[in-house]
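All remarks here apply to the structure that follows.
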Amino acid sequence: MTNAVVLWLHGLGDTGAGWSFLRQRTRQALPNVEWKFPTAPQQPVTCNGGSTMTSWFDIANLPIGPESNGDEAGYMMAVRRIHKMVEQLEEIYPSERILVGGFSQGAALALGSVLQYPRKLAGAILLSGWSVFCNDSFAAQVHERNKQTPVWIGHGVSDQIVLFSCALNLRNMLNDIGIPHHFHEYVGISHTSSVEEEADLVHFLQDLFSSASVSSIQECAEP
């Protein structure tokens, strides 16, 4: 019987199956948490010479830094796509038991998907992510219902794809508007996850879902 769910969004060129190992690795520590791993649509991606691949939205250039220009229109379309997925999950779980997380491009999308959602969500987990919106417009994207929704940030200090400065900038942006967050930096880690990072996010999920109330829960079937 599951009573909470994590909707996990992969990075550029990957698939949901590429992160499905999280379900097995966390089964013992999080026995009541379901995981969902959708796959992004295929589309041309500018930073890869226009090649078609799985991508939630377009990325113009790599590496990504705090001042990188974002595909805001495509990003907002992707946010609406994720919101539809969350609405479907709400047929099974209360919104407060739904968390959206992801890696890299998926983390960037998880941030907006959670903070812009019109009902309270459990939280967001961002591995090696960034904010598509600049500092001036970021606050305007946050819905009142999720201004106190926790955001967990993990980032490798040696990341050369999504620069570590993106994580520092995001931390400052969250501080400026008072959104609660947990910040973890991983020395020697590049654009990937690590065992230490996975352990830290599991502890966050354990604390988050053990402290939140449980109501109107139905069993969630395996996908």
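Every chain in the structure tokens has a letter given in the order shown (A, B, ...), and although residue numbers restart at 1 in each chain, ligands are simply numbered from 1 in the order shown.
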
Show which residues sit within 10 Å of segment 164-169 of chain A, as number ranges by chain. Count only C-alpha atoms, and ignore same-chain residues fewer than 3 positions away. A: 64-68, 126-131, 134-135, 153-161, 172-175, 183-186, 190-191

Every residue of segment 32-222 of chain A that DSSP places in helix (DSSP H, G or I), as JSON, numbers by chain: {"A": [46, 47, 48, 72, 73, 74, 75, 76, 77, 78, 79, 80, 81, 82, 83, 84, 85, 86, 87, 88, 89, 95, 96, 97, 105, 106, 107, 108, 109, 110, 111, 112, 113, 114, 115, 135, 136, 137, 138, 139, 140, 141, 144, 145, 146, 164, 165, 166, 167, 168, 169, 170, 171, 172, 173, 174, 175, 176, 177, 195, 196, 197, 198, 199, 200, 201, 202, 203, 204, 205, 206, 207, 208, 209, 210, 211]}

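With only C-alpha atoms as the atoms that count, the residue of A:Ile59, A:Val100, A:Leu205, A:Leu7 with the shortest distance to Glu34 of chain A is A:Leu7.
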
Please, which residues of segment 41-110 of chain A, numbered as in this document, come out strand (DSSP E) from DSSP, as JSON, numbers by chain? {"A": [42, 43, 44, 45, 51, 52, 53, 54, 98, 99, 100, 101, 102, 103]}

For the residues in that selection, give me N, CA and C atoms as a PDB file, in the first residue's frame.
```pdb
ATOM      1  N   GLN A  42       9.967  13.576 -28.146  1.00  0.00           N
ATOM      2  CA  GLN A  42      11.082  13.811 -29.052  1.00  0.00           C
ATOM      3  C   GLN A  42      10.925  15.182 -29.707  1.00  0.00           C
ATOM      4  N   GLN A  43      12.022  15.958 -29.748  1.00  0.00           N
ATOM      5  CA  GLN A  43      11.987  17.247 -30.416  1.00  0.00           C
ATOM      6  C   GLN A  43      13.412  17.690 -30.749  1.00  0.00           C
ATOM      7  N   PRO A  44      13.570  18.588 -31.737  1.00  0.00           N
ATOM      8  CA  PRO A  44      14.906  19.104 -32.058  1.00  0.00           C
ATOM      9  C   PRO A  44      15.453  19.928 -30.896  1.00  0.00           C
ATOM     10  N   VAL A  45      16.752  19.812 -30.661  1.00  0.00           N
ATOM     11  CA  VAL A  45      17.391  20.521 -29.558  1.00  0.00           C
ATOM     12  C   VAL A  45      18.539  21.357 -30.104  1.00  0.00           C
ATOM     13  N   SER A  51      19.563  18.237 -33.536  1.00  0.00           N
ATOM     14  CA  SER A  51      19.234  16.803 -33.529  1.00  0.00           C
ATOM     15  C   SER A  51      17.984  16.547 -32.706  1.00  0.00           C
ATOM     16  N   THR A  52      17.208  15.573 -33.143  1.00  0.00           N
ATOM     17  CA  THR A  52      15.987  15.218 -32.442  1.00  0.00           C
ATOM     18  C   THR A  52      16.283  14.202 -31.346  1.00  0.00           C
ATOM     19  N   MET A  53      15.776  14.472 -30.169  1.00  0.00           N
ATOM     20  CA  MET A  53      15.985  13.584 -29.024  1.00  0.00           C
ATOM     21  C   MET A  53      14.918  13.851 -27.985  1.00  0.00           C
ATOM     22  N   THR A  54      14.887  13.039 -26.959  1.00  0.00           N
ATOM     23  CA  THR A  54      13.942  13.291 -25.878  1.00  0.00           C
ATOM     24  C   THR A  54      14.340  14.578 -25.165  1.00  0.00           C
ATOM     25  N   ILE A  98       2.256  14.364  -3.160  1.00  0.00           N
ATOM     26  CA  ILE A  98       2.861  14.251  -4.488  1.00  0.00           C
ATOM     27  C   ILE A  98       4.089  15.156  -4.550  1.00  0.00           C
ATOM     28  N   LEU A  99       5.244  14.579  -4.851  1.00  0.00           N
ATOM     29  CA  LEU A  99       6.483  15.334  -5.015  1.00  0.00           C
ATOM     30  C   LEU A  99       6.964  15.187  -6.453  1.00  0.00           C
ATOM     31  N   VAL A 100       7.499  16.260  -7.006  1.00  0.00           N
ATOM     32  CA  VAL A 100       8.086  16.211  -8.347  1.00  0.00           C
ATOM     33  C   VAL A 100       9.576  16.468  -8.212  1.00  0.00           C
ATOM     34  N   GLY A 101      10.368  15.600  -8.810  1.00  0.00           N
ATOM     35  CA  GLY A 101      11.814  15.753  -8.771  1.00  0.00           C
ATOM     36  C   GLY A 101      12.410  15.437 -10.118  1.00  0.00           C
ATOM     37  N   GLY A 102      13.712  15.680 -10.249  1.00  0.00           N
ATOM     38  CA  GLY A 102      14.346  15.356 -11.516  1.00  0.00           C
ATOM     39  C   GLY A 102      15.819  15.669 -11.520  1.00  0.00           C
ATOM     40  N   PHE A 103      16.439  15.305 -12.633  1.00  0.00           N
ATOM     41  CA  PHE A 103      17.870  15.522 -12.849  1.00  0.00           C
ATOM     42  C   PHE A 103      18.077  16.440 -14.039  1.00  0.00           C
TER      43      PHE A 103
END
```

Could you give me, as a ChimeraX atom specification, the residues within 8 Å of Lys147 of chain A, counting only C-alpha atoms and dropping anything in the same chain fewer than 3 positions from it? /A:115,142-144,178-179

Residues within 12 Å of Asn146 of chain A, only C-alpha atoms, excluding chain neighbours under 5 positions, as a list in words: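 Residues meeting the cut-off are Ser95, Glu96, Leu99, Leu111, Gly112, Ser113, Val114, Leu115, Gln116, Tyr117, Pro118, Arg119, Lys120, Leu121, Ala122, Gly123, Ala124, Ala139, Gln141, Val151, Ile177, Gly178, Ile179 and Pro180 of chain A.
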
Can you spit out the residues from that selection as an mmCIF file, in the first residue's frame, using N, CA and C atoms?
```cif
data_model
loop_
_atom_site.group_PDB
_atom_site.id
_atom_site.type_symbol
_atom_site.label_atom_id
_atom_site.label_comp_id
_atom_site.auth_asym_id
_atom_site.auth_seq_id
_atom_site.Cartn_x
_atom_site.Cartn_y
_atom_site.Cartn_z
ATOM 1 N N SER A 95 -2.844 15.976 -3.085
ATOM 2 C CA SER A 95 -1.751 16.742 -3.691
ATOM 3 C C SER A 95 -0.571 16.889 -2.738
ATOM 4 N N GLU A 96 -0.832 16.981 -1.431
ATOM 5 C CA GLU A 96 0.235 17.144 -0.447
ATOM 6 C C GLU A 96 1.138 15.925 -0.324
ATOM 7 N N LEU A 99 5.244 14.579 -4.851
ATOM 8 C CA LEU A 99 6.483 15.334 -5.015
ATOM 9 C C LEU A 99 6.964 15.187 -6.453
ATOM 10 N N LEU A 111 11.209 22.213 -10.788
ATOM 11 C CA LEU A 111 11.126 23.446 -10.004
ATOM 12 C C LEU A 111 9.882 24.250 -10.365
ATOM 13 N N GLY A 112 9.722 24.551 -11.636
ATOM 14 C CA GLY A 112 8.562 25.329 -12.058
ATOM 15 C C GLY A 112 7.255 24.579 -11.915
ATOM 16 N N SER A 113 7.288 23.274 -12.157
ATOM 17 C CA SER A 113 6.066 22.481 -12.067
ATOM 18 C C SER A 113 5.495 22.489 -10.659
ATOM 19 N N VAL A 114 6.376 22.450 -9.667
ATOM 20 C CA VAL A 114 5.923 22.463 -8.272
ATOM 21 C C VAL A 114 5.522 23.871 -7.844
ATOM 22 N N LEU A 115 6.381 24.846 -8.064
ATOM 23 C CA LEU A 115 6.121 26.181 -7.537
ATOM 24 C C LEU A 115 4.955 26.876 -8.239
ATOM 25 N N GLN A 116 4.625 26.464 -9.461
ATOM 26 C CA GLN A 116 3.515 27.084 -10.180
ATOM 27 C C GLN A 116 2.201 26.328 -10.021
ATOM 28 N N TYR A 117 2.227 25.182 -9.347
ATOM 29 C CA TYR A 117 1.006 24.374 -9.276
ATOM 30 C C TYR A 117 -0.031 25.055 -8.377
ATOM 31 N N PRO A 118 -1.316 25.015 -8.765
ATOM 32 C CA PRO A 118 -2.339 25.751 -8.014
ATOM 33 C C PRO A 118 -2.824 25.075 -6.734
ATOM 34 N N ARG A 119 -2.336 23.884 -6.450
ATOM 35 C CA ARG A 119 -2.652 23.230 -5.186
ATOM 36 C C ARG A 119 -1.348 22.831 -4.500
ATOM 37 N N LYS A 120 -1.397 22.732 -3.194
ATOM 38 C CA LYS A 120 -0.208 22.446 -2.393
ATOM 39 C C LYS A 120 0.370 21.083 -2.745
ATOM 40 N N LEU A 121 1.660 21.046 -3.047
ATOM 41 C CA LEU A 121 2.367 19.802 -3.301
ATOM 42 C C LEU A 121 3.342 19.513 -2.167
ATOM 43 N N ALA A 122 3.879 18.279 -2.153
ATOM 44 C CA ALA A 122 4.755 17.874 -1.057
ATOM 45 C C ALA A 122 6.109 18.555 -1.128
ATOM 46 N N GLY A 123 6.638 18.725 -2.326
ATOM 47 C CA GLY A 123 7.958 19.322 -2.448
ATOM 48 C C GLY A 123 8.541 19.109 -3.827
ATOM 49 N N ALA A 124 9.798 19.555 -3.977
ATOM 50 C CA ALA A 124 10.545 19.386 -5.221
ATOM 51 C C ALA A 124 11.956 18.926 -4.880
ATOM 52 N N ALA A 139 10.068 35.216 -8.965
ATOM 53 C CA ALA A 139 9.069 35.324 -7.889
ATOM 54 C C ALA A 139 7.654 35.344 -8.432
ATOM 55 N N GLN A 141 6.451 33.716 -10.764
ATOM 56 C CA GLN A 141 6.003 32.395 -11.209
ATOM 57 C C GLN A 141 5.482 31.521 -10.072
ATOM 58 N N VAL A 151 12.018 22.816 -1.169
ATOM 59 C CA VAL A 151 12.791 22.472 -2.355
ATOM 60 C C VAL A 151 14.134 21.904 -1.899
ATOM 61 N N ILE A 177 12.798 35.081 -1.806
ATOM 62 C CA ILE A 177 11.330 35.058 -1.722
ATOM 63 C C ILE A 177 10.816 34.165 -0.589
ATOM 64 N N GLY A 178 11.739 33.656 0.220
ATOM 65 C CA GLY A 178 11.342 32.959 1.436
ATOM 66 C C GLY A 178 10.847 31.546 1.255
ATOM 67 N N ILE A 179 11.253 30.878 0.192
ATOM 68 C CA ILE A 179 10.852 29.485 -0.006
ATOM 69 C C ILE A 179 11.800 28.570 0.768
ATOM 70 N N PRO A 180 11.292 27.683 1.623
ATOM 71 C CA PRO A 180 12.176 26.796 2.393
ATOM 72 C C PRO A 180 12.925 25.839 1.468
#
```

For atom CA of Thr192 of chain A and atom CA of Asn48 of chain A, determine how far apart the two atoms are, in Å to one decimal place.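 If I compute the distance from atom CA of Thr192 of chain A to atom CA of Asn48 of chain A, I get 19.0 Å.
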
Which residue is closest to Val162 of chain A? Choose from A:Ala107, A:Phe57, A:Ala4, A:Phe21 and count only C-alpha atoms. A:Ala107

Distance query Ala78 of chain A at most 12 Å, only C-alpha atoms, self and fewer than 6 positions along chain excluded, as a VMD selection string: chain A and resid 9 39 to 41 55 to 58 71 to 72 84 to 85 105 to 106 108 to 113 132

When you count only C-alpha atoms, which of these residues is closest to Thr15 of chain A: A:Pro94, A:Leu30, A:Asp207, A:Phe37?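 The closest residue to Thr15 of chain A is A:Phe37.
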
Between atom CA of Phe204 of chain A and atom CA of Thr2 of chain A, what is the distance, to one decimal in Å?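 Computing it gives 17.5 Å between the two atoms.
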
Counting only C-alpha atoms, which of A:Ile189, A:Met1, A:Ala17, A:Ala199 gets nearest to Val33 of chain A?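 For Val33 of chain A, the nearest of the given residues is A:Met1.
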
Rounded to one decimal place, report the atom CA of Asn61 of chain A-atom CA of Gly49 of chain A distance in Å.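 So the two atoms, atom CA of Asn61 of chain A and atom CA of Gly49 of chain A, lie 9.8 Å apart.
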